[in-house]
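Please read the structure below before turning to the comments.
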Amino acid sequence: MPAKFDFDVIQVGYGPVSKASALFLERLGWKVGVFERFEEVYPLPRAVCIDHELYRVLHAAGLGDVANRVCNDAPTYRWFNAEWRELLAIDWAAGSVSGGSEVNFIHQPSFEWAMDERIKASDRIALHFNAEATAIRQDADSATVTIRDTKTGATRDYTARYLIGIDGANSFVRESLGIGRTDLGFEADWLVIDFALNGGLTARDLGIPDCGQYANPIRPTTIVPGGTEADGRILRRWEFMRLPHETREEMVREEKVWDLLDAWIKPDQGELIRHAIYTFRSLVADRFQEGRIFLAGDAAHVMPPFMGQGMCAGLRDVWNLGWKLDLVLRGRAGPSLLETYTPERAPHVTDVIRISMFLGSIICMPDPEEARKRDEMFLGGNAPRPAPFPILTDGLLERDARGAVVAPAGELSCAGTVRFAGRTGRYDSFVAPGGFTLVVQDGFALPETARRVCGEAGVQIVTIADRRTAADGQIGDTQGQFGRFMIDRGLQALLVRPDFYLFGAATDGPRLDAMLADFSRQMQAHR
């Protein structure tokens, strides 16, 4: 890094997405400066979910021990009407393409404190509290942020090759760039309450769902796990929708909180940790990039919580951006590669928000007649189903001669528990981080042209075999994840991007050559 830069990357904000981003970039060898206007890590929980994809990401990024410590497999997610008849059930524990539970519940403060500890121990990450960004600017080869010390009032400029605004829904970085947001049309106020249960007390003891939505028009209510604190205390979360006749001020009064909790839990059964009212909205920034400056997390998008995807979407942002910044900073790709960030992330997160809005429309229904019609549809088997979880639809993906994306490009690749060199572990722990990987089935005759292209592009070649017959140097498919993904689709090879999405796949040698030729062409265009 030239001496004229203070950092390779500057990050404004220090929430969970920023912490993860700093550690992702540090693991790749880059120097990161993080600036936070408050003076400490926010101590209270907000997010409670992390899905299988991001659980996999954390393991691949060297944070597997943290993920294991702060995550718990999710129970079945159930939706009930006012009479407690089940409207919808999503079995999150049934398994995922990543080889584990579809969703994990997480205690966010423990997650953040663990990452904070890693960051403070790193010699590549400079963390600044009481550091408020007051101006940003950029030129042809750098980005600059002006930081004001909130205690002394002193200001100083810091420079980097790139800057990421991860500074929340009211992002100073986004506003400074003049980037607008598109409102997708959802808005509702909900009171969020976190409650620590007395030791040994369970959801069954309380007579409540392990994880559910109570779609009672009299008071739509969410009841979900809130994770486990470091001392072993189990948290439960209740969320109560504000009804049209109630004010925001009324909802946050403590007597109102206890009145709402009264039907579910009593004061002597634990401790009220916090309560706050949130306005759930659906907003997407009009673009996620302006030259050398990027937006991520809530600065780029906010969504209703009904899929538990808010923090997950932000983590996807910085995981997507991190490997691209790595290639550009190393000179292995040109800045145009970074221009794939918005086309890949914006449509994907917009689709996630729309699914969240669909689920929200089921429960956020205070009109009894509308709720009755909803119940009839769901109980009669005539309800619309939520769309499948989105895939990438644009960006660095295999395309045909007309420029259309070739399936299954854009899908999340498979993973799971495998065996290699006498050890059993997660697949990603045996693959070099930060690079492209060509995964081929045992017995597939890899064309010499494919070997040459992979060698020139630095693509790692991995052979997957049945766990019972895997030879030395091959990865044994212990869970059968790759077999189900590849054999069932007739695929012989997968070209997997550093963020685990498929650039493309091939059914035979000629298709592999064609796919790799397109890969080479696209990467060359980003030189």
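If you're wondering about the labels, chains in the structure tokens are A, B, ... by order shown, residues count from 1 in each chain, ligands from 1 in order shown.
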
Requested in this report: Select from range 24-96 of chain A everything DSSP, run on the backbone, classes as helix (DSSP H, G or I), then give the selection as an NGL selection string.
Outcome: :A and (24-27 or 52-60 or 64-70 or 92-94)

Find the nearest atom pair between each residue of range 76-187 of chain A and range 358-372 of chain A for residues within 12 Å, count only C-alpha atoms, give distances in Å to one decimal, sort rows by chain and ascending number, and present the table as a tab-separated table.
```
residue	atom	partner	partner_atom	distance
A:Tyr77	CA	A:Leu359	CA	12.0
A:Arg78	CA	A:Ile363	CA	11.7
A:Trp79	CA	A:Ile363	CA	8.3
A:Phe80	CA	A:Ile363	CA	9.0
A:Asn81	CA	A:Ala371	CA	8.2
A:Ala82	CA	A:Ala371	CA	8.9
A:Glu83	CA	A:Arg372	CA	10.9
A:Leu87	CA	A:Ile362	CA	9.4
A:Leu88	CA	A:Ile362	CA	9.9
A:Ala89	CA	A:Leu359	CA	11.9
A:Ile90	CA	A:Leu359	CA	11.7
A:Leu184	CA	A:Phe358	CA	11.6
A:Gly185	CA	A:Ser361	CA	11.3
A:Phe186	CA	A:Gly360	CA	8.7
A:Glu187	CA	A:Gly360	CA	10.0
```

Query raised in the report: Which one of A:Val318, A:Ala60, A:Ala525, A:Met357 sits closest to Gly425 in chain A if you count only C-alpha atoms?
Result: A:Ala60

Query - Using only C-alpha atoms: which of A:Arg156, A:Arg85, A:Arg527, A:His301 has the shortest distance to Gly212 in chain A - result: A:Arg85

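Among the candidate residues A:Ala333, A:Val462, A:Met251, A:Met311, the one lying nearest to Gly476 in chain A is A:Val462, with distances computed using only C-alpha atoms.
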
Find the nearest atom pair between each residue of range 34-77 of chain A and range 107-118 of chain A for residues within 12 Å, count only C-alpha atoms, give distances in Å to one decimal, sort rows by chain and ascending number, and present the table as a tab-separated table.
```
residue	atom	partner	partner_atom	distance
A:Val34	CA	A:Asp116	CA	11.5
A:Glu40	CA	A:Asp116	CA	10.1
A:Val41	CA	A:Trp113	CA	7.6
A:Tyr42	CA	A:Pro109	CA	7.7
A:Pro43	CA	A:Pro109	CA	5.8
A:Leu44	CA	A:Pro109	CA	6.1
A:Pro45	CA	A:Gln108	CA	5.3
A:Arg46	CA	A:Gln108	CA	6.7
A:Ala47	CA	A:Gln108	CA	6.1
A:Val48	CA	A:His107	CA	6.2
A:Cys49	CA	A:His107	CA	8.4
A:Ile50	CA	A:Gln108	CA	9.7
A:Tyr55	CA	A:Phe111	CA	12.0
A:Leu58	CA	A:Met115	CA	10.8
A:Ala61	CA	A:Met115	CA	11.8
A:Gly62	CA	A:Arg118	CA	10.7
A:Leu63	CA	A:Met115	CA	8.3
A:Gly64	CA	A:Phe111	CA	11.3
A:Asp65	CA	A:Ala114	CA	9.7
A:Val66	CA	A:Ala114	CA	6.6
A:Ala67	CA	A:Phe111	CA	7.6
A:Asn68	CA	A:Phe111	CA	10.2
A:Arg69	CA	A:Phe111	CA	8.5
A:Val70	CA	A:His107	CA	5.9
A:Cys71	CA	A:His107	CA	7.1
A:Asn72	CA	A:His107	CA	9.1
```

Only N, CA, C and O atoms, please: the residues just picked out, written as a compact mmCIF listing (two decimals), in the first residue's frame.
```
# COMPACT_ATOMS: atom_id res chain seq x y z
N VAL A 34 -11.60 1.78 11.07
CA VAL A 34 -13.03 1.79 11.40
C VAL A 34 -13.31 2.98 12.31
O VAL A 34 -12.61 3.18 13.32
N GLU A 40 -18.69 3.09 22.51
CA GLU A 40 -18.59 1.68 22.88
C GLU A 40 -19.49 0.85 21.97
O GLU A 40 -20.31 1.38 21.22
N VAL A 41 -19.31 -0.45 22.06
CA VAL A 41 -20.16 -1.38 21.33
C VAL A 41 -21.57 -1.31 21.88
O VAL A 41 -21.77 -1.31 23.11
N TYR A 42 -22.58 -1.23 21.01
CA TYR A 42 -23.97 -1.19 21.45
C TYR A 42 -24.29 -2.49 22.18
O TYR A 42 -24.11 -3.58 21.63
N PRO A 43 -24.76 -2.43 23.44
CA PRO A 43 -24.83 -3.63 24.27
C PRO A 43 -26.11 -4.45 24.17
O PRO A 43 -26.20 -5.51 24.78
N LEU A 44 -27.12 -3.97 23.46
CA LEU A 44 -28.42 -4.63 23.49
C LEU A 44 -28.70 -5.38 22.19
O LEU A 44 -28.21 -5.00 21.12
N PRO A 45 -29.50 -6.45 22.26
CA PRO A 45 -29.78 -7.25 21.06
C PRO A 45 -30.70 -6.53 20.09
O PRO A 45 -31.58 -5.77 20.50
N ARG A 46 -30.49 -6.75 18.80
CA ARG A 46 -31.43 -6.32 17.76
C ARG A 46 -31.78 -7.52 16.90
O ARG A 46 -32.85 -8.06 16.98
N ALA A 47 -30.82 -8.00 16.11
CA ALA A 47 -31.05 -9.19 15.28
C ALA A 47 -31.07 -10.44 16.15
O ALA A 47 -30.38 -10.52 17.17
N VAL A 48 -31.84 -11.44 15.73
CA VAL A 48 -31.87 -12.71 16.46
C VAL A 48 -31.63 -13.91 15.56
O VAL A 48 -31.57 -15.04 16.04
N CYS A 49 -31.47 -13.70 14.25
CA CYS A 49 -31.34 -14.82 13.31
C CYS A 49 -30.09 -14.68 12.45
O CYS A 49 -29.67 -13.58 12.10
N ILE A 50 -29.54 -15.84 12.10
CA ILE A 50 -28.51 -15.90 11.07
C ILE A 50 -28.78 -17.17 10.27
O ILE A 50 -29.00 -18.24 10.84
N TYR A 55 -23.96 -18.52 8.26
CA TYR A 55 -23.28 -19.43 9.19
C TYR A 55 -22.08 -20.06 8.48
O TYR A 55 -20.99 -20.16 9.05
N LEU A 58 -19.30 -17.36 8.06
CA LEU A 58 -18.53 -17.12 9.28
C LEU A 58 -17.48 -18.21 9.48
O LEU A 58 -16.34 -17.92 9.87
N ALA A 61 -14.65 -17.68 7.07
CA ALA A 61 -13.89 -16.46 7.33
C ALA A 61 -13.11 -16.53 8.64
O ALA A 61 -12.62 -15.51 9.13
N GLY A 62 -13.00 -17.72 9.20
CA GLY A 62 -12.22 -17.87 10.42
C GLY A 62 -12.97 -17.53 11.69
O GLY A 62 -12.37 -17.40 12.76
N LEU A 63 -14.29 -17.40 11.60
CA LEU A 63 -15.11 -17.07 12.76
C LEU A 63 -16.02 -18.23 13.16
O LEU A 63 -17.05 -18.05 13.80
N GLY A 64 -15.62 -19.44 12.78
CA GLY A 64 -16.44 -20.60 13.07
C GLY A 64 -16.62 -20.85 14.55
O GLY A 64 -17.70 -21.24 15.00
N ASP A 65 -15.56 -20.61 15.34
CA ASP A 65 -15.69 -20.83 16.78
C ASP A 65 -16.67 -19.84 17.39
O ASP A 65 -17.42 -20.17 18.31
N VAL A 66 -16.70 -18.61 16.85
CA VAL A 66 -17.66 -17.62 17.32
C VAL A 66 -19.08 -18.06 16.96
O VAL A 66 -19.99 -18.01 17.80
N ALA A 67 -19.27 -18.47 15.71
CA ALA A 67 -20.60 -18.91 15.26
C ALA A 67 -21.10 -20.08 16.11
O ALA A 67 -22.26 -20.10 16.52
N ASN A 68 -20.22 -21.05 16.35
CA ASN A 68 -20.63 -22.20 17.16
C ASN A 68 -21.03 -21.80 18.57
O ASN A 68 -21.94 -22.38 19.17
N ARG A 69 -20.35 -20.79 19.10
CA ARG A 69 -20.59 -20.38 20.48
C ARG A 69 -21.87 -19.59 20.65
O ARG A 69 -22.53 -19.69 21.69
N VAL A 70 -22.23 -18.78 19.66
CA VAL A 70 -23.36 -17.85 19.85
C VAL A 70 -24.63 -18.26 19.11
O VAL A 70 -25.65 -17.59 19.23
N CYS A 71 -24.57 -19.35 18.33
CA CYS A 71 -25.74 -19.76 17.53
C CYS A 71 -26.38 -21.03 18.08
O CYS A 71 -25.71 -21.90 18.62
N ASN A 72 -27.69 -21.13 17.88
CA ASN A 72 -28.46 -22.34 18.19
C ASN A 72 -29.37 -22.65 17.01
O ASN A 72 -29.95 -21.74 16.40
```

Query raised in the report: Neighbours of range 189-195 of chain A within 6 Å (only C-alpha atoms; same-chain residues fewer than 2 positions away dropped), as an MDAnalysis selection string?
Result: chainID A and resid 235:242 271:279

Please, could you write that set of residues out with C-alpha atoms as a PDB file, in the first residue's frame?
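Final file, again11.pdb:
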```pdb
ATOM      1  CA  LEU A 235     -33.592 -14.767  26.135  1.00  0.00           C
ATOM      2  CA  ARG A 236     -37.055 -14.651  24.636  1.00  0.00           C
ATOM      3  CA  ARG A 237     -38.296 -11.915  22.348  1.00  0.00           C
ATOM      4  CA  TRP A 238     -41.841 -10.597  22.063  1.00  0.00           C
ATOM      5  CA  GLU A 239     -42.847  -8.093  19.405  1.00  0.00           C
ATOM      6  CA  PHE A 240     -46.250  -6.386  19.529  1.00  0.00           C
ATOM      7  CA  MET A 241     -47.729  -4.454  16.638  1.00  0.00           C
ATOM      8  CA  ARG A 242     -48.897  -0.924  17.428  1.00  0.00           C
ATOM      9  CA  GLU A 271     -35.721  -9.961  33.857  1.00  0.00           C
ATOM     10  CA  LEU A 272     -36.887  -7.343  31.379  1.00  0.00           C
ATOM     11  CA  ILE A 273     -33.740  -6.560  29.370  1.00  0.00           C
ATOM     12  CA  ARG A 274     -35.018  -3.793  27.141  1.00  0.00           C
ATOM     13  CA  HIS A 275     -37.992  -2.506  25.193  1.00  0.00           C
ATOM     14  CA  ALA A 276     -38.093  -0.144  22.238  1.00  0.00           C
ATOM     15  CA  ILE A 277     -40.431   0.742  19.417  1.00  0.00           C
ATOM     16  CA  TYR A 278     -39.227   0.281  15.861  1.00  0.00           C
ATOM     17  CA  THR A 279     -40.741   1.382  12.592  1.00  0.00           C
TER      18      THR A 279
END
```

Report task. Select, from A:Glu53, A:Gly29, A:Ile166, A:Ile218, the residue with the minimum atom-to-atom distance to Phe389 in chain A, counting only C-alpha atoms. Result -> A:Glu53

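Using only C-alpha atoms for every distance, the candidate list A:Val252, A:Leu396, A:Leu201, A:Leu206 yields A:Leu396 as the residue closest to Leu337 in chain A.
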
Query raised in the report: range 236-309 of chain A: which residues are strand (DSSP E or B) by DSSP, as an NGL selection string?
Result: :A and (236-241 or 270-285 or 289-290 or 293-295 or 301-302)

Requested in this report: List the neighbours of Phe503 in chain A out to 7 Å using only C-alpha atoms; skip same-chain residues closer than 6 positions along the sequence, and give me the result as number ranges by chain.
Outcome: A: 396-398, 409-410, 495-497

Go ahead and save the residues from that selection, with N, CA and C atoms, as a PDB file, in the first residue's frame.
```
ATOM      1  N   LEU A 396     -21.359 -11.046 -12.270  1.00  0.00           N
ATOM      2  CA  LEU A 396     -20.340 -11.969 -12.770  1.00  0.00           C
ATOM      3  C   LEU A 396     -20.880 -13.395 -12.756  1.00  0.00           C
ATOM      4  N   LEU A 397     -21.634 -13.734 -13.807  1.00  0.00           N
ATOM      5  CA  LEU A 397     -22.289 -15.027 -13.956  1.00  0.00           C
ATOM      6  C   LEU A 397     -22.153 -15.494 -15.397  1.00  0.00           C
ATOM      7  N   GLU A 398     -22.170 -16.816 -15.599  1.00  0.00           N
ATOM      8  CA  GLU A 398     -22.060 -17.350 -16.958  1.00  0.00           C
ATOM      9  C   GLU A 398     -23.229 -16.884 -17.814  1.00  0.00           C
ATOM     10  N   ALA A 409     -26.212 -20.818 -12.924  1.00  0.00           N
ATOM     11  CA  ALA A 409     -25.416 -19.676 -12.483  1.00  0.00           C
ATOM     12  C   ALA A 409     -26.259 -18.772 -11.585  1.00  0.00           C
ATOM     13  N   GLY A 410     -25.648 -18.278 -10.524  1.00  0.00           N
ATOM     14  CA  GLY A 410     -26.342 -17.410  -9.585  1.00  0.00           C
ATOM     15  C   GLY A 410     -26.901 -18.128  -8.379  1.00  0.00           C
ATOM     16  N   LEU A 495     -18.271 -24.212 -11.120  1.00  0.00           N
ATOM     17  CA  LEU A 495     -17.294 -23.149 -10.912  1.00  0.00           C
ATOM     18  C   LEU A 495     -17.875 -22.224  -9.842  1.00  0.00           C
ATOM     19  N   VAL A 496     -17.262 -22.254  -8.663  1.00  0.00           N
ATOM     20  CA  VAL A 496     -17.791 -21.573  -7.484  1.00  0.00           C
ATOM     21  C   VAL A 496     -16.994 -20.293  -7.226  1.00  0.00           C
ATOM     22  N   ARG A 497     -17.706 -19.202  -7.065  1.00  0.00           N
ATOM     23  CA  ARG A 497     -17.076 -17.921  -6.784  1.00  0.00           C
ATOM     24  C   ARG A 497     -16.591 -17.869  -5.324  1.00  0.00           C
TER      25      ARG A 497
END
```

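Residues within 7 Å of Ala506 in chain A, counting only C-alpha atoms and excluding same-chain residues fewer than 3 positions away, are Leu491, Gln492, Ala493, Leu494, Arg511 and Leu512 of chain A.
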
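Considering the residues A:Phe280, A:Phe482, A:Trp84, A:Trp323 and counting only C-alpha atoms, Arg27 in chain A has its shortest atom-to-atom contact with A:Trp323.
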
List every residue of range 350-422 of chain A that has an atom at most 12 Å from any atom of range 466-473 of chain A, giving for each one its closest atom pair and the distance in Å to one decimal, counting only C-alpha atoms, sorted by chain and then by ascending residue number, as a tab-separated table.
```
residue	atom	partner	partner_atom	distance
A:Thr417	CA	A:Arg467	CA	10.6
A:Val418	CA	A:Arg467	CA	7.8
A:Arg419	CA	A:Arg467	CA	7.1
A:Phe420	CA	A:Gly473	CA	7.3
A:Ala421	CA	A:Asp472	CA	6.6
A:Gly422	CA	A:Asp472	CA	8.9
```

Report task. Write out as a count of residues only the residues lying within 8 Å of Ile10 in chain A, counting only C-alpha atoms and excluding same-chain residues fewer than 5 positions away. Result -> 9
